[in-house]
$ cat protein29.tsv   # TSV, C-alpha atoms
chain	number	residue	atom	x	y	z
A	1164	MET	CA	105.69	55.34	87.10
A	1165	ALA	CA	109.32	56.46	87.63
A	1166	LEU	CA	110.36	59.06	90.20
A	1167	GLN	CA	110.20	62.53	88.66
A	1168	ILE	CA	111.56	65.79	90.09
A	1169	SER	CA	110.33	69.06	88.57
A	1170	ALA	CA	112.61	71.84	89.86
A	1171	THR	CA	113.18	75.56	89.36
A	1172	ASN	CA	116.97	75.14	89.33
A	1173	PRO	CA	119.01	72.50	87.47
A	1174	GLU	CA	121.11	71.90	90.61
A	1175	HIS	CA	118.16	70.98	92.81
A	1176	PRO	CA	117.28	67.55	91.32
A	1177	ALA	CA	120.81	66.24	91.95
A	1178	LEU	CA	120.70	67.39	95.58
A	1179	LEU	CA	117.17	66.09	96.14
A	1180	LEU	CA	117.91	62.64	94.69
A	1181	GLU	CA	119.90	61.80	97.82
A	1182	LEU	CA	116.78	61.98	100.03
A	1183	PRO	CA	114.83	58.80	100.95
A	1184	TRP	CA	111.84	59.28	98.64
A	1185	HIS	CA	110.96	55.55	98.99
A	1186	LEU	CA	109.85	56.18	102.57
A	1187	PRO	CA	106.67	57.92	103.73
A	1188	LEU	CA	107.59	61.34	105.14
A	1189	GLU	CA	106.60	60.26	108.66
A	1190	GLU	CA	109.25	57.53	108.53
A	1191	TRP	CA	112.21	59.61	107.36
A	1192	PRO	CA	115.29	58.93	109.53
A	1193	GLU	CA	116.62	61.53	111.92
A	1194	ASP	CA	119.94	61.82	110.12
A	1195	VAL	CA	118.32	63.60	107.14
A	1196	LEU	CA	115.95	65.78	109.16
A	1197	VAL	CA	116.60	69.22	110.63
A	1198	PRO	CA	114.99	69.86	114.05
A	1199	LEU	CA	113.10	73.10	113.39
A	1200	PRO	CA	109.74	74.16	114.88
A	1201	ARG	CA	106.79	73.19	112.70
A	1202	GLY	CA	103.35	74.76	112.60
A	1203	ILE	CA	100.04	72.94	112.41
A	1204	SER	CA	99.34	71.55	108.94
A	1205	ARG	CA	96.70	69.30	107.40
A	1206	HIS	CA	99.60	67.51	105.68
A	1207	VAL	CA	102.76	65.82	106.93
A	1208	VAL	CA	105.62	68.37	106.81
A	1209	ARG	CA	109.30	67.78	107.59
A	1210	TYR	CA	112.46	69.90	107.40
A	1211	ALA	CA	115.45	68.22	105.79
A	1212	ARG	CA	118.89	69.06	104.46
A	1213	ALA	CA	119.70	68.90	100.74
A	1214	GLY	CA	123.32	69.90	100.20
A	1215	ASP	CA	123.72	73.31	101.81
A	1216	GLU	CA	119.98	73.98	101.66
A	1217	VAL	CA	117.46	73.48	104.45
A	1218	ILE	CA	114.19	72.53	102.79
A	1219	ALA	CA	110.59	72.04	103.86
A	1220	VAL	CA	108.97	68.90	102.41
A	1221	LYS	CA	105.17	68.61	102.37
A	1222	GLU	CA	103.35	65.42	101.40
A	1223	LEU	CA	100.15	65.82	99.36
A	1224	ALA	CA	98.42	64.51	96.25
A	1225	GLU	CA	100.04	65.13	92.87
A	1226	ARG	CA	97.53	67.59	91.41
A	1227	PRO	CA	97.43	69.99	94.40
A	1228	ALA	CA	101.22	69.69	94.75
A	1229	LEU	CA	101.78	70.79	91.15
A	1230	ARG	CA	99.15	73.52	91.47
A	1231	GLU	CA	100.66	74.95	94.65
A	1232	TYR	CA	104.13	74.81	93.11
A	1233	GLU	CA	102.97	76.93	90.16
A	1234	LEU	CA	101.10	79.37	92.41
A	1235	LEU	CA	104.17	79.89	94.58
A	1236	ARG	CA	106.23	80.51	91.44
A	1237	ASP	CA	103.65	83.10	90.34
A	1238	LEU	CA	103.83	84.82	93.73
A	1239	ASP	CA	107.63	84.85	93.49
A	1240	ARG	CA	107.44	86.57	90.09
A	1241	LEU	CA	105.03	89.13	91.58
A	1242	GLY	CA	107.41	89.87	94.45
A	1243	ILE	CA	104.98	88.67	97.14
A	1244	PRO	CA	106.47	87.53	100.49
A	1245	ALA	CA	106.03	83.76	100.36
A	1246	VAL	CA	108.14	80.65	100.75
A	1247	ASP	CA	110.39	79.91	97.78
A	1248	PRO	CA	109.28	76.87	95.71
A	1249	LEU	CA	112.11	74.52	94.75
A	1250	ALA	CA	110.57	71.36	93.33
A	1251	VAL	CA	107.72	68.88	93.09
A	1252	VAL	CA	108.53	65.19	93.42
A	1253	THR	CA	106.05	62.77	91.83
A	1254	GLY	CA	106.02	59.05	91.01
A	1255	ARG	CA	107.17	58.02	94.48
A	1256	THR	CA	106.90	54.35	95.43
A	1257	ASP	CA	107.86	52.39	98.51
A	1258	THR	CA	110.27	49.43	98.54
A	1259	ASP	CA	107.42	47.08	97.55
A	1260	GLY	CA	106.40	49.28	94.61
A	1261	GLY	CA	103.34	50.70	96.35
A	1262	PRO	CA	102.46	54.33	95.51
A	1263	LEU	CA	103.39	57.17	97.87
A	1264	GLU	CA	102.03	60.70	97.83
A	1265	SER	CA	103.85	63.41	95.92
A	1266	VAL	CA	105.72	66.12	97.79
A	1267	LEU	CA	106.16	69.86	97.42
A	1268	VAL	CA	109.65	71.11	98.29
A	1269	THR	CA	110.21	74.73	99.39
A	1270	ARG	CA	113.27	76.51	100.76
A	1271	HIS	CA	113.21	77.05	104.51
A	1272	LEU	CA	112.77	80.73	105.31
A	1273	GLY	CA	115.76	81.53	107.50
A	1274	GLY	CA	114.98	83.20	110.82
A	1275	SER	CA	111.25	82.56	110.50
A	1276	GLN	CA	108.94	80.98	113.06
A	1277	PRO	CA	105.43	79.54	113.01
A	1278	TYR	CA	103.12	81.41	115.34
A	1279	ARG	CA	102.80	78.55	117.87
A	1280	SER	CA	106.52	78.49	118.61
A	1281	MET	CA	106.34	82.25	119.24
A	1282	PHE	CA	103.76	81.62	121.98
A	1283	GLU	CA	105.93	79.15	123.88
A	1284	THR	CA	106.56	82.07	126.22
A	1285	THR	CA	103.51	84.24	126.79
A	1286	MET	CA	103.49	86.93	124.13
A	1287	ARG	CA	102.68	90.47	125.23
A	1288	PRO	CA	99.63	92.16	123.60
A	1289	ALA	CA	101.85	94.84	122.00
A	1290	THR	CA	103.81	92.12	120.19
A	1291	MET	CA	100.58	90.49	119.06
A	1292	HIS	CA	99.45	93.81	117.58
A	1293	ARG	CA	102.64	93.84	115.50
A	1294	LEU	CA	101.86	90.32	114.28
A	1295	MET	CA	98.39	91.49	113.21
A	1296	ASP	CA	99.99	94.43	111.40
A	1297	ALA	CA	102.32	92.10	109.51
A	1298	LEU	CA	99.53	89.72	108.55
A	1299	ALA	CA	97.31	92.60	107.40
A	1300	VAL	CA	100.13	93.92	105.18
A	1301	LEU	CA	100.64	90.45	103.68
A	1302	LEU	CA	96.93	90.04	102.93
A	1303	VAL	CA	96.76	93.48	101.31
A	1304	ARG	CA	99.81	92.69	99.17
A	1305	LEU	CA	98.22	89.45	98.02
A	1306	HIS	CA	94.95	91.17	97.15
A	1307	LEU	CA	96.66	93.98	95.26
A	1308	ALA	CA	98.38	91.30	93.17
A	1309	GLY	CA	95.03	89.60	92.49
A	1310	PHE	CA	95.64	86.58	94.75
A	1311	ALA	CA	92.69	85.23	96.72
A	1312	TRP	CA	94.25	83.22	99.54
A	1313	GLY	CA	91.22	81.17	100.54
A	1314	ASP	CA	92.68	80.19	103.93
A	1315	CYS	CA	94.37	83.16	105.59
A	1316	SER	CA	95.40	82.15	109.10
A	1317	LEU	CA	98.27	82.31	111.56
A	1318	SER	CA	98.97	78.62	110.84
A	1319	ASN	CA	99.52	79.31	107.14
A	1320	THR	CA	101.94	82.16	107.80
A	1321	LEU	CA	105.56	82.37	108.87
A	1322	PHE	CA	106.81	85.40	110.80
A	1323	ARG	CA	110.28	86.89	110.76
A	1324	ARG	CA	111.57	89.72	112.94
A	1325	ASP	CA	112.16	92.94	111.05
A	1326	ALA	CA	113.84	95.81	112.96
A	1327	GLY	CA	111.43	95.81	115.87
A	1328	ALA	CA	108.44	94.79	113.78
A	1329	TYR	CA	107.51	91.56	112.02
A	1330	ALA	CA	107.33	90.52	108.40
A	1331	ALA	CA	104.75	87.90	107.40
A	1332	TYR	CA	105.23	85.30	104.65
A	1333	LEU	CA	102.65	83.06	103.02
A	1334	VAL	CA	103.59	79.42	103.58
A	1335	ASP	CA	100.55	77.59	102.18
A	1336	ALA	CA	99.09	78.54	98.78
A	1337	GLU	CA	97.14	75.30	98.28
A	1338	THR	CA	93.72	76.98	98.48
A	1339	GLY	CA	94.69	80.12	96.55
A	1340	ASP	CA	93.66	81.47	93.17
A	1341	LEU	CA	95.31	84.15	91.04
A	1342	HIS	CA	93.09	86.61	89.14
A	1343	PRO	CA	93.74	89.76	87.11
A	1344	ARG	CA	91.84	91.68	89.80
A	1345	LEU	CA	89.87	90.74	92.91
A	1346	SER	CA	86.31	91.87	93.47
A	1347	GLU	CA	85.26	93.42	96.78
A	1348	GLY	CA	83.33	90.21	97.51
A	1349	GLN	CA	86.44	88.06	97.02
A	1350	ARG	CA	88.44	90.31	99.33
A	1351	ASP	CA	85.69	90.32	101.97
A	1352	TYR	CA	85.48	86.52	101.84
A	1353	ASP	CA	89.23	86.22	102.47
A	1354	LEU	CA	89.00	88.74	105.28
A	1355	ASP	CA	86.10	86.96	106.97
A	1356	LEU	CA	87.97	83.65	106.80
A	1357	ALA	CA	91.00	85.36	108.37
A	1358	ARG	CA	88.85	86.69	111.22
A	1359	VAL	CA	87.30	83.29	111.96
A	1360	ASN	CA	90.59	81.37	111.64
A	1361	ILE	CA	92.60	83.76	113.81
A	1362	SER	CA	89.96	83.86	116.54
A	1363	GLY	CA	89.84	80.05	116.54
A	1364	GLU	CA	93.63	79.74	116.72
A	1365	LEU	CA	93.80	82.19	119.62
A	1366	LEU	CA	90.96	80.43	121.45
A	1367	ASP	CA	93.00	77.22	121.12
A	1368	LEU	CA	96.03	78.98	122.60
A	1369	GLU	CA	93.86	80.35	125.42
A	1370	ALA	CA	92.64	76.84	126.24
A	1371	SER	CA	96.24	75.63	126.50
A	1372	GLY	CA	97.22	78.52	128.79
A	1373	ALA	CA	99.61	80.05	126.24
A	1374	LEU	CA	97.69	83.30	125.73
A	1375	HIS	CA	98.21	86.48	127.74
A	1376	PRO	CA	95.23	86.89	130.10
A	1377	SER	CA	94.44	90.38	128.78
A	1378	VAL	CA	94.07	89.17	125.18
A	1379	ASP	CA	90.54	88.61	123.89
A	1380	PRO	CA	90.72	86.08	121.01
A	1381	ILE	CA	87.54	87.39	119.39
A	1382	GLU	CA	88.74	91.01	119.56
A	1383	PHE	CA	92.08	90.13	118.02
A	1384	GLY	CA	90.36	88.19	115.26
A	1385	THR	CA	88.30	91.27	114.48
A	1386	GLU	CA	91.37	93.49	114.65
A	1387	ILE	CA	92.82	92.01	111.46
A	1388	CYS	CA	89.72	93.31	109.62
A	1389	ALA	CA	90.14	96.85	110.94
A	1390	ARG	CA	93.86	96.95	110.18
A	1391	TYR	CA	93.35	95.51	106.70
A	1392	ARG	CA	90.60	98.01	105.79
A	1393	SER	CA	92.62	100.95	107.09
A	1394	LEU	CA	95.67	99.90	105.06
A	1395	TRP	CA	93.62	99.14	101.93
A	1396	GLN	CA	92.00	102.57	102.14
A	1397	GLU	CA	95.37	104.29	102.46
A	1398	LEU	CA	96.76	102.42	99.48
A	1399	THR	CA	93.86	102.69	97.06
A	1400	ARG	CA	92.05	105.93	97.88
A	1401	THR	CA	91.99	108.88	95.48
A	1402	SER	CA	93.65	112.02	96.84
A	1403	VAL	CA	92.20	115.42	95.95
A	1404	TYR	CA	94.31	118.52	96.64
A	1405	PRO	CA	94.34	122.19	95.52
A	1406	ALA	CA	96.25	123.21	92.41
A	1407	GLY	CA	99.86	124.12	93.17
A	1408	LYS	CA	100.15	121.82	96.21
A	1409	TYR	CA	102.31	119.28	94.42
A	1410	HIS	CA	104.37	118.62	97.54
A	1411	TYR	CA	101.25	116.82	98.83
A	1412	ILE	CA	102.05	114.14	96.22
A	1413	GLU	CA	105.43	113.58	97.86
A	1414	ARG	CA	103.82	113.44	101.29
A	1415	ARG	CA	101.49	110.69	100.08
A	1416	ILE	CA	104.37	108.79	98.45
A	1417	ARG	CA	106.40	109.00	101.66
A	1418	ARG	CA	103.48	107.63	103.66
A	1419	LEU	CA	103.09	104.72	101.26
A	1420	ASN	CA	106.86	104.05	101.35
A	1421	ASP	CA	106.75	104.03	105.15
A	1422	LEU	CA	104.06	101.34	104.95
A	1423	GLY	CA	106.39	99.22	102.79
A	1424	PHE	CA	104.74	99.92	99.43
A	1425	ASP	CA	106.14	101.56	96.32
A	1426	VAL	CA	104.27	103.72	93.83
A	1427	ALA	CA	104.50	102.04	90.44
A	1428	GLU	CA	102.09	104.36	88.64
A	1429	MET	CA	100.71	107.81	89.29
A	1430	GLN	CA	97.97	109.49	87.30
A	1431	ILE	CA	97.11	113.17	87.63
A	1432	GLU	CA	93.76	114.38	86.30
A	1433	HIS	CA	93.11	118.11	86.16
A	1434	ALA	CA	89.65	119.21	87.32
A	1435	THR	CA	87.93	122.56	87.72
A	1436	ASN	CA	88.22	122.47	91.50
A	1437	GLY	CA	91.81	121.17	91.72
A	1438	ASP	CA	93.85	118.10	90.84
A	1439	THR	CA	92.85	114.50	91.45
A	1440	VAL	CA	95.78	112.19	92.07
A	1441	THR	CA	95.29	108.43	91.85
A	1442	PHE	CA	98.06	106.20	93.22
A	1443	VAL	CA	98.38	102.58	92.15
A	1444	PRO	CA	100.78	100.95	94.64
A	1445	LYS	CA	102.84	97.93	93.72
A	1446	VAL	CA	105.19	95.90	95.86
A	1447	VAL	CA	108.49	95.44	94.07
A	1448	ASP	CA	111.57	93.30	94.71
A	1449	ALA	CA	114.91	94.39	96.15
A	1450	GLY	CA	117.04	96.32	93.69
A	1451	HIS	CA	114.04	97.10	91.50
A	1452	HIS	CA	114.53	100.85	91.74
A	1453	GLN	CA	118.23	100.65	90.86
A	1454	ARG	CA	117.50	98.58	87.77
A	1455	GLN	CA	114.56	100.73	86.69
A	1456	LEU	CA	116.43	104.02	87.11
A	1457	LEU	CA	119.46	102.63	85.27
A	1458	ARG	CA	117.26	101.42	82.41
A	1459	LEU	CA	115.37	104.72	82.10
A	1460	THR	CA	118.13	107.25	82.71
A	1461	GLY	CA	121.53	105.55	82.72
A	1462	LEU	CA	122.06	106.74	86.32
A	1463	ASP	CA	123.66	104.04	88.50
A	1464	THR	CA	122.77	104.73	92.13
A	1465	GLU	CA	122.09	103.06	95.45
A	1466	GLU	CA	118.61	101.59	96.01
A	1467	ASN	CA	117.25	104.32	98.31
A	1468	GLN	CA	118.64	107.05	96.07
A	1469	ALA	CA	117.02	105.36	93.07
A	1470	ARG	CA	113.66	105.17	94.81
A	1471	ARG	CA	113.75	108.87	95.61
A	1472	LEU	CA	114.87	109.89	92.13
A	1473	LEU	CA	112.22	107.72	90.50
A	1474	ASN	CA	109.53	109.32	92.66
A	1475	ASP	CA	110.69	112.74	91.52
A	1476	LEU	CA	110.87	111.59	87.91
A	1477	GLU	CA	107.30	110.25	88.10
A	1478	SER	CA	106.03	113.53	89.57
A	1479	TRP	CA	107.83	115.56	86.90
A	1480	MET	CA	106.65	113.33	84.04
A	1481	ALA	CA	103.04	113.72	85.14
A	1482	THR	CA	103.31	117.49	84.59
A	1483	GLN	CA	104.50	117.15	80.96
A	1484	ASP	CA	102.03	117.82	78.15
A	1485	ASP	CA	103.11	114.76	76.17
A	1486	TYR	CA	102.89	112.38	79.15
A	1487	ALA	CA	100.12	109.93	78.20
A	1488	PRO	CA	100.56	106.43	79.67
A	1489	GLY	CA	99.07	103.81	77.37
A	1490	ASP	CA	98.59	106.28	74.52
A	1491	PRO	CA	100.74	105.31	71.50
A	1492	LEU	CA	100.92	108.99	70.55
A	1493	GLY	CA	102.40	110.00	73.90
A	1494	ALA	CA	106.11	110.25	74.60
A	1495	ARG	CA	107.76	107.01	75.70
A	1496	PRO	CA	108.94	106.90	79.35
A	1497	GLU	CA	112.57	106.58	78.20
A	1498	VAL	CA	112.25	109.82	76.17
A	1499	LEU	CA	110.75	111.69	79.10
A	1500	ALA	CA	113.36	110.26	81.48
A	1501	HIS	CA	116.17	111.43	79.17
A	1502	ARG	CA	114.59	114.90	79.10
A	1503	TRP	CA	114.36	114.92	82.93
A	1504	VAL	CA	118.07	114.04	83.22
A	1505	ARG	CA	119.02	116.74	80.69
A	1506	ASP	CA	116.68	119.53	81.85
A	1507	VAL	CA	116.22	118.86	85.57
A	1508	PHE	CA	118.70	116.47	87.17
A	1509	ARG	CA	122.00	117.60	85.62
A	1510	PRO	CA	121.38	121.38	85.75
A	1511	THR	CA	120.26	121.09	89.38
A	1512	VAL	CA	123.32	119.09	90.45
A	1513	ARG	CA	125.69	121.35	88.48
A	1514	ALA	CA	124.27	124.38	90.30
A	1515	VAL	CA	125.95	123.08	93.46
A	1516	PRO	CA	129.66	124.06	93.26
A	1517	LEU	CA	132.07	121.14	93.15
A	1518	GLU	CA	134.13	122.48	96.01
A	1519	LEU	CA	131.06	122.40	98.29
A	1520	ARG	CA	129.96	118.85	97.55
A	1521	GLY	CA	132.58	117.03	99.57
A	1522	SER	CA	132.32	113.29	98.98
A	1523	MET	CA	128.67	113.35	97.88
A	1524	ASP	CA	128.00	111.92	94.42
A	1525	PRO	CA	125.44	113.55	92.05
A	1526	ALA	CA	122.60	111.22	93.11
A	1527	GLU	CA	123.21	112.00	96.78
A	1528	ILE	CA	123.35	115.74	96.05
A	1529	TYR	CA	120.02	115.55	94.22
A	1530	HIS	CA	118.52	113.48	97.03
A	1531	GLU	CA	119.68	116.09	99.54
A	1532	LEU	CA	118.07	118.84	97.44
A	1533	LEU	CA	114.79	116.92	97.26
A	1534	GLU	CA	114.86	116.52	101.04
A	1535	HIS	CA	115.47	120.25	101.43
A	1536	ARG	CA	112.68	121.09	98.96
A	1537	TRP	CA	110.33	118.91	100.96
A	1538	TYR	CA	111.30	120.69	104.19
A	1539	LEU	CA	110.94	124.18	102.72
A	1540	SER	CA	107.63	123.38	100.99
A	1541	GLU	CA	106.18	121.93	104.19
A	1542	ARG	CA	107.28	125.00	106.13
A	1543	VAL	CA	105.60	127.51	103.78
A	1544	GLN	CA	102.78	125.15	102.67
A	1545	HIS	CA	103.33	125.63	98.95
A	1546	ASP	CA	105.73	124.27	96.35
A	1547	ILE	CA	109.23	125.73	96.24
A	1548	GLY	CA	111.05	125.74	92.88
A	1549	LEU	CA	114.33	123.89	92.58
A	1550	ASP	CA	116.29	127.06	91.78
A	1551	ALA	CA	115.26	128.60	95.10
A	1552	VAL	CA	115.93	125.31	96.87
A	1553	VAL	CA	119.49	125.12	95.48
A	1554	GLU	CA	120.22	128.69	96.53
A	1555	ASP	CA	118.95	128.12	100.08
A	1556	TYR	CA	120.77	124.77	100.30
A	1557	ILE	CA	124.10	126.30	99.26
A	1558	THR	CA	123.67	129.25	101.62
A	1559	ASN	CA	122.23	127.62	104.71
A	1560	ILE	CA	122.84	123.87	104.65
A	1561	LEU	CA	126.16	123.05	102.98
A	1562	PRO	CA	128.29	125.41	105.12
A	1563	LYS	CA	126.95	123.77	108.31
A	1564	ALA	CA	127.52	120.31	106.87
A	1565	ARG	CA	131.14	121.18	106.00
A	1566	GLU	CA	131.75	122.56	109.50
A	1567	THR	CA	130.48	119.30	110.96
A	1568	LEU	CA	132.84	117.29	108.75
A	1569	GLN	CA	135.92	119.46	109.43
A	1570	PRO	CA	138.55	117.60	111.50
A	1571	THR	CA	139.16	119.02	114.95
A	1572	THR	CA	142.61	119.76	116.34
A	1573	SER	CA	143.85	119.82	119.89
A	1574	ASP	CA	146.85	121.45	121.57

$ encode --input "protein29.tsv" --output "structure tokens"
Amino acid sequence: MALQISATNPEHPALLLELPWHLPLEEWPEDVLVPLPRGISRHVVRYARAGDEVIAVKELAERPALREYELLRDLDRLGIPAVDPLAVVTGRTDTDGGPLESVLVTRHLGGSQPYRSMFETTMRPATMHRLMDALAVLLVRLHLAGFAWGDCSLSNTLFRRDAGAYAAYLVDAETGDLHPRLSEGQRDYDLDLARVNISGELLDLEASGALHPSVDPIEFGTEICARYRSLWQELTRTSVYPAGKYHYIERRIRRLNDLGFDVAEMQIEHATNGDTVTFVPKVVDAGHHQRQLLRLTGLDTEENQARRLLNDLESWMATQDDYAPGDPLGARPEVLAHRWVRDVFRPTVRAVPLELRGSMDPAEIYHELLEHRWYLSERVQHDIGLDAVVEDYITNILPKARETLQPTTSD
């Protein structure tokens, strides 16, 4: 069987061909390897250079290699934090023609570390709590996407620093399965495996003297369960609030955004005792909001502006009589979005005099008004209409902002 490289990018096979595929991975020469810290793995793993890329090469049988490659591609399409699959190399033989195992090639995640290298200096308990937070968020994201990991552990995760916190990335999908939706039993099974694996890994660190003396490995293993369940509850629970308290929707959306999740759908059901709001969170990729807002409305904004405007658009659409997601008789989202631009966005922005706007573009003006509406509504504990918000913003906020921006002069 001839050497075969199945790759996601046409450029990758040419770069990968230069590597010594005729040698077992354990025998690869130092001149092609990159000295990066490696975690514990049931397979032989090496880091190598292919052109300008640093790649991770994992040796395993052909069927699981191809399966993991496809699963990682699926996770990439779903926007899940995981290593980026580049290729599968099959049909390897040594110089005598003997068969060698296939390899899975992934892109090295820059700035990431396996957990063991992070414990080379004793890690404080507060830092370990942040690691548990990151791993809980990753597991929840996987489960929301319908992915049963089957082997959640510190060893199968890479961690990258993220503005004082940590972000966790799946690095081993070999045992995973993708489903339309996970049952509670499937989620509990994954969670129990995570608890056992993490406790075992920390006990191993304790035996080697690399664990802080105040850290209880069993307690920290259990902690992932508590953090997961708390986050899952926040993301999937149904919120019930009194009629007229629509700013509560924004409060919930803000809380979800702060957790790193975006609201992809929002359903409002009217009941006799109030309104029931069901949020379906979905993790989306960078630039998603810009592209979605541009597609729906034609507004070209920055990413954070787009996220805020889309949240407002979703809230407004849910109050329209002809808003019926999934119903062929309901108005299409593009129609409703056009109506929102015409009847809400543009009139609101135009109500702010040009001479008072300074350098702020329309999207930033509208974002500022939404921020002010949130503040006023929270202060009086009921929804404030946009007309009143614009009037208060022009009277009380813009003059102060202009004074702050005025250049100062000296004698």

$ atom_distance --input "protein29.tsv" --atom1 "CA of Ile1387 in chain A" --atom2 "CA of Leu1298 in chain A"
7.7 Å

$ atom_distance --input "protein29.tsv" --atom1 "CA of Thr1269 in chain A" --atom2 "CA of Leu1249 in chain A"
5.0 Å

$ axis_aligned_box --input "protein29.tsv" --around "range 1234-1253 of chain A" --padding-each-side "3 Å" --output "AutoDock Vina command-line options"
--center_x 106.6 --center_y 76.3 --center_z 95.4 --size_x 17.0 --size_y 33.1 --size_z 16.7

$ residues_around --input "protein29.tsv" --residues "Met1281 in chain A" --least-positions-apart "6" --cutoff "12 Å" --atoms "only C-alpha atoms" --output "list of chain:residue names"
A:Pro1200, A:Arg1201, A:Gly1202, A:Ser1275, A:Arg1287, A:Thr1290, A:Met1291, A:Leu1294, A:Leu1317, A:Ser1318, A:Leu1321, A:Phe1322, A:Arg1323, A:Arg1324, A:Tyr1329, A:Leu1368, A:Ala1373, A:Leu1374

$ atom_distance --input "protein29.tsv" --atom1 "CA of Thr1338 in chain A" --atom2 "CA of Leu1241 in chain A"
18.0 Å

$ closest_residue --input "protein29.tsv" --among "A:Asp1355, A:Asp1296, A:Glu1181, A:Glu1233" --to "Ser1169 in chain A" --atoms "all atoms listed in the file"
A:Glu1233

$ closest_residue --input "protein29.tsv" --among "A:Val1208, A:Leu1476, A:Leu1229, A:Cys1315" --to "Thr1460 in chain A" --atoms "only C-alpha atoms"
A:Leu1476

$ residues_around --input "protein29.tsv" --residues "Thr1258 in chain A" --least-positions-apart "5" --cutoff "12 Å" --atoms "all atoms listed in the file" --output "NGL selection string"
:A and (1183-1187 or 1263)

$ closest_residue --input "protein29.tsv" --among "A:Asp1314, A:Arg1344, A:Ala1331, A:Arg1454" --to "Leu1272 in chain A" --atoms "only C-alpha atoms"
A:Ala1331

$ closest_atom_pairs --input "protein29.tsv" --of "range 1308-1367 of chain A" --to "range 1390-1400 of chain A" --cutoff "12 Å" --atoms "only C-alpha atoms" --output "tab-separated table"
residue	atom	partner	partner_atom	distance
A:Glu1347	CA	A:Trp1395	CA	11.4
A:Arg1350	CA	A:Tyr1391	CA	10.3
A:Asp1351	CA	A:Arg1392	CA	9.9
A:Asp1353	CA	A:Tyr1391	CA	11.0
A:Leu1354	CA	A:Tyr1391	CA	8.2
A:Asp1355	CA	A:Tyr1391	CA	11.2
A:Ala1357	CA	A:Tyr1391	CA	10.6
A:Arg1358	CA	A:Tyr1391	CA	10.9

$ residues_around --input "protein29.tsv" --residues "Val1512 in chain A" --least-positions-apart "2" --cutoff "12 Å" --atoms "only C-alpha atoms" --output "mmCIF file with C-alpha atoms, in the frame of the given file"
data_model
loop_
_atom_site.group_PDB
_atom_site.id
_atom_site.type_symbol
_atom_site.label_atom_id
_atom_site.label_comp_id
_atom_site.auth_asym_id
_atom_site.auth_seq_id
_atom_site.Cartn_x
_atom_site.Cartn_y
_atom_site.Cartn_z
ATOM 1 C CA VAL A 1504 118.070 114.040 83.220
ATOM 2 C CA ARG A 1505 119.020 116.740 80.690
ATOM 3 C CA ASP A 1506 116.680 119.530 81.850
ATOM 4 C CA VAL A 1507 116.220 118.860 85.570
ATOM 5 C CA PHE A 1508 118.700 116.470 87.170
ATOM 6 C CA ARG A 1509 122.000 117.600 85.620
ATOM 7 C CA PRO A 1510 121.380 121.380 85.750
ATOM 8 C CA ALA A 1514 124.270 124.380 90.300
ATOM 9 C CA VAL A 1515 125.950 123.080 93.460
ATOM 10 C CA PRO A 1516 129.660 124.060 93.260
ATOM 11 C CA LEU A 1517 132.070 121.140 93.150
ATOM 12 C CA LEU A 1519 131.060 122.400 98.290
ATOM 13 C CA ARG A 1520 129.960 118.850 97.550
ATOM 14 C CA MET A 1523 128.670 113.350 97.880
ATOM 15 C CA ASP A 1524 128.000 111.920 94.420
ATOM 16 C CA PRO A 1525 125.440 113.550 92.050
ATOM 17 C CA ALA A 1526 122.600 111.220 93.110
ATOM 18 C CA GLU A 1527 123.210 112.000 96.780
ATOM 19 C CA ILE A 1528 123.350 115.740 96.050
ATOM 20 C CA TYR A 1529 120.020 115.550 94.220
ATOM 21 C CA HIS A 1530 118.520 113.480 97.030
ATOM 22 C CA GLU A 1531 119.680 116.090 99.540
ATOM 23 C CA LEU A 1532 118.070 118.840 97.440
ATOM 24 C CA LEU A 1533 114.790 116.920 97.260
ATOM 25 C CA LEU A 1549 114.330 123.890 92.580
ATOM 26 C CA ASP A 1550 116.290 127.060 91.780
ATOM 27 C CA VAL A 1552 115.930 125.310 96.870
ATOM 28 C CA VAL A 1553 119.490 125.120 95.480
ATOM 29 C CA GLU A 1554 120.220 128.690 96.530
ATOM 30 C CA TYR A 1556 120.770 124.770 100.300
ATOM 31 C CA ILE A 1557 124.100 126.300 99.260
#

$ decode --input "protein29.tsv" --residues "range 1205-1211 of chain A" --atoms "N, CA and C atoms" --output "short mmCIF file (atom, residue, chain, number, x, y, z; two decimals), in the first residue's frame"
data_model
loop_
_atom_site.label_atom_id
_atom_site.label_comp_id
_atom_site.auth_asym_id
_atom_site.auth_seq_id
_atom_site.Cartn_x
_atom_site.Cartn_y
_atom_site.Cartn_z
N ARG A 1205 -1.57 7.60 25.68
CA ARG A 1205 -1.48 6.15 25.45
C ARG A 1205 -0.76 5.84 24.14
N HIS A 1206 -0.55 6.88 23.32
CA HIS A 1206 0.11 6.73 22.03
C HIS A 1206 1.42 7.52 22.02
N VAL A 1207 2.27 7.21 21.07
CA VAL A 1207 3.49 8.00 20.87
C VAL A 1207 3.10 9.31 20.19
N VAL A 1208 3.52 10.44 20.77
CA VAL A 1208 3.22 11.77 20.23
C VAL A 1208 4.51 12.56 20.13
N ARG A 1209 4.72 13.23 19.00
CA ARG A 1209 5.88 14.09 18.83
C ARG A 1209 5.45 15.40 18.18
N TYR A 1210 6.18 16.48 18.51
CA TYR A 1210 5.99 17.77 17.84
C TYR A 1210 7.06 17.93 16.78
N ALA A 1211 6.65 18.36 15.60
CA ALA A 1211 7.61 18.51 14.49
C ALA A 1211 7.29 19.79 13.73
#
